[in-house]
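Below is one structure, written out as structure tokens; the observations come after it.
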Amino acid sequence: MSVDPPSSGRPTGPPSGPLSGPSQPPSGGGPPSEPPSGGGGGGKEPEPRRPWWGSVPRVAIIATAVVAAVVLAVVLSRPDNGGTGASDGGTSTASGEVFLQPAADTGPDEFTESTAQEDSSASPVTPSGDTESAPQNAVRGVNGDAPGLYGGTRNVASCDVEKQIKYFEDAPDKERAFASVVRIQPSEVPAYLRSLTPVQLRMDTRVTNHGYKNGAPTTYQAVLQAGTAALVDDRGVPRVRCACGNPLSPPVAQQSAPKTTGTSWPGYKSSNVVMVTPSPKPVDEFVMCEPDGEWFKREAGDTGDKDHKTKKPDKPSPSASVTTPTAPTDSTSSQPPTSEPPTSDTDTSGPTTDEPPTSDTQQPPPDNNTGSDTGGDTGGGTTEQAPAS
């Protein structure tokens with residue numbers, strides 16, 4: 001039986017001649033078939049596949065990742081990164097600036113309120129001895145046991161140590177920061193402060209000052225004016241500034257002549273600034289000068305109760321020699337108790353010797369008003385000077 005084809009008039013097969021549409025790729029996954037070479041109206045060739053590196057978005061993403069990795073590596077490898085110290089402090093010498101601090105001023109980034117008990121009454125003295133020319137980053141050093149280096153009033157402590165201890169007891173965060181600078185446990189702070197001796201500086205003295213800011217210690221180089229009340233250790237090295245409770249350490253050498261910031265005082269001369277070098281052995285008694293020119297001795301660690309008169313020393317003006325401030329590294333260096341947290345087997349009866357803390361990174365002085373030193377009385381302006389303690 002036969003079936004008649006539909007009578008719709010539609011073609012029942014493909015038209016003769018080449019196809020008008022593009023060729024479909026075979027299902028086997030091979031390369032697309034070549035279009036017919038003959039006839040007009042053939043389809044366009046498919047675009048070749050671009051390599052991965054030819055994509056603009058991909059290149060941009062990869063480049064960004066590479067740059068971010070490089071920046072991160074640079075930041076993590078910097079010496080002042082957080083791995084080397086507390087917030088903003090330390091022993092870097094790159095800053096090249098020294099902050100001038102008048103005796104009565106609290107100054108920036110103070111740890112506590114002032115505990116100074118007497119006015120700046122110590123009679124200033126000019127160091128004697130070596131006056132030879134020296135490198136611009138050198139200063140004059142005076143031994144911590146030199147008679148007349150410190151002054152004050154007989155039977156009167158220049159600092160209220162117990163008040164200083166109470167301030168820290170009421171501010172445990174500051175006590176921890178203070179302890180981290182002097183490398184002791186927070187619980188050892190009271191004994192450490194009681195082991196120090198209250199005095200007044202008689203020379204403009206260069207130190208490393210450690211302030212407190214944003215919950216952590218800061219560090220900057222400073223010159224303390226003669227008359228500043230301070231606590232010194234048993235090698236005669238200043239360890240606490242009483243006007244602000246800031247811990248102090250020996251000055252750090254600058255790479256070149258530093259610029260001073262802050263306000264100077266009448267009679268200030270950079271050539272008269274000294275740094276205190278630790279005495280060769282512990283000091284039993286400090287020979288000190290009163291404002292009226294009388295002399296007395298104060299036992300190390302005493303607050304003045306045991307003061308007694310003494311005769312004027314043969315050399316009342318301490319002798320100085322040109323030196324360059326550096327971080328103490330040997331066993332004769334003066335240093336507070338050396339227990340490193342979290343150890344606690346430290347003798348807190350008095351300071352011991354060790355290298356000053358290097359857990360901070362150097363911060364520029366808090367003031368940026370700089371000037372140039374004329375070598376004479378600067379009145380109240382700013383000056384430029386060689387580093388000095």
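Please note that chains go A, B, ... in the order of the structure tokens, that every chain numbers its residues from 1, and that ligands are numbered from 1 in the order shown.
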
Could you give me, as an MDAnalysis selection string, the residues within 6 Å of stretch 300-315 of chain A, counting only C-alpha atoms and dropping anything in the same chain fewer than 6 positions from it?
-> chainID A and resid 155:157 195:197 284:285

Just the selected residues (C-alpha atoms), exported as an mmCIF file, in the first residue's frame, please.
data_model
loop_
_atom_site.group_PDB
_atom_site.id
_atom_site.type_symbol
_atom_site.label_atom_id
_atom_site.label_comp_id
_atom_site.auth_asym_id
_atom_site.auth_seq_id
_atom_site.Cartn_x
_atom_site.Cartn_y
_atom_site.Cartn_z
ATOM 1 C CA ASN A 155 67.289 66.281 103.913
ATOM 2 C CA VAL A 156 64.796 67.035 101.148
ATOM 3 C CA ALA A 157 64.026 64.539 98.392
ATOM 4 C CA SER A 195 66.040 51.573 94.840
ATOM 5 C CA LEU A 196 66.690 54.853 92.978
ATOM 6 C CA THR A 197 68.061 58.088 94.433
ATOM 7 C CA ASP A 284 77.559 54.196 97.948
ATOM 8 C CA GLU A 285 77.088 57.954 98.434
#

Hey, what's within 7 Å of A:Ser114 if we count only C-alpha atoms and toss same-chain stuff fewer than 3 positions away? As an mmCIF file with N, CA and C atoms, in the first residue's frame, please?
data_model
loop_
_atom_site.group_PDB
_atom_site.id
_atom_site.type_symbol
_atom_site.label_atom_id
_atom_site.label_comp_id
_atom_site.auth_asym_id
_atom_site.auth_seq_id
_atom_site.Cartn_x
_atom_site.Cartn_y
_atom_site.Cartn_z
ATOM 1 N N THR A 106 56.116 69.628 82.246
ATOM 2 C CA THR A 106 55.770 68.206 82.231
ATOM 3 C C THR A 106 56.208 67.565 80.928
ATOM 4 N N CYS A 242 61.066 63.100 87.146
ATOM 5 C CA CYS A 242 59.995 63.212 88.136
ATOM 6 C C CYS A 242 58.853 64.128 87.708
ATOM 7 N N ALA A 243 59.094 65.049 86.798
ATOM 8 C CA ALA A 243 58.047 65.965 86.359
ATOM 9 C C ALA A 243 56.964 65.276 85.541
ATOM 10 N N CYS A 244 57.243 64.058 85.080
ATOM 11 C CA CYS A 244 56.274 63.367 84.226
ATOM 12 C C CYS A 244 56.215 61.868 84.479
ATOM 13 N N GLY A 245 57.104 61.347 85.317
ATOM 14 C CA GLY A 245 57.117 59.916 85.591
ATOM 15 C C GLY A 245 57.672 59.073 84.465
#

Using only C-alpha atoms, find the one residue out of A:Ala320, A:Val182, A:Ala138, A:Ile61 that sits nearest to A:Val240.
->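 Counting only C-alpha atoms, the residue closest to A:Val240 is A:Val182.
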
Give the answer as one residue: which of A:Lys213, A:Lys174, A:Arg241, A:Arg140 has the shortest atom-to-atom distance to A:Cys159, using only C-alpha atoms?
->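 Nearest to A:Cys159: A:Arg241.
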
Quick one: pick out all alpha helix (DSSP H) residues within stretch 95-200 of chain A from a backbone DSSP run and write them as an MDAnalysis selection string.
-> chainID A and resid 161:169 172:182 189:194
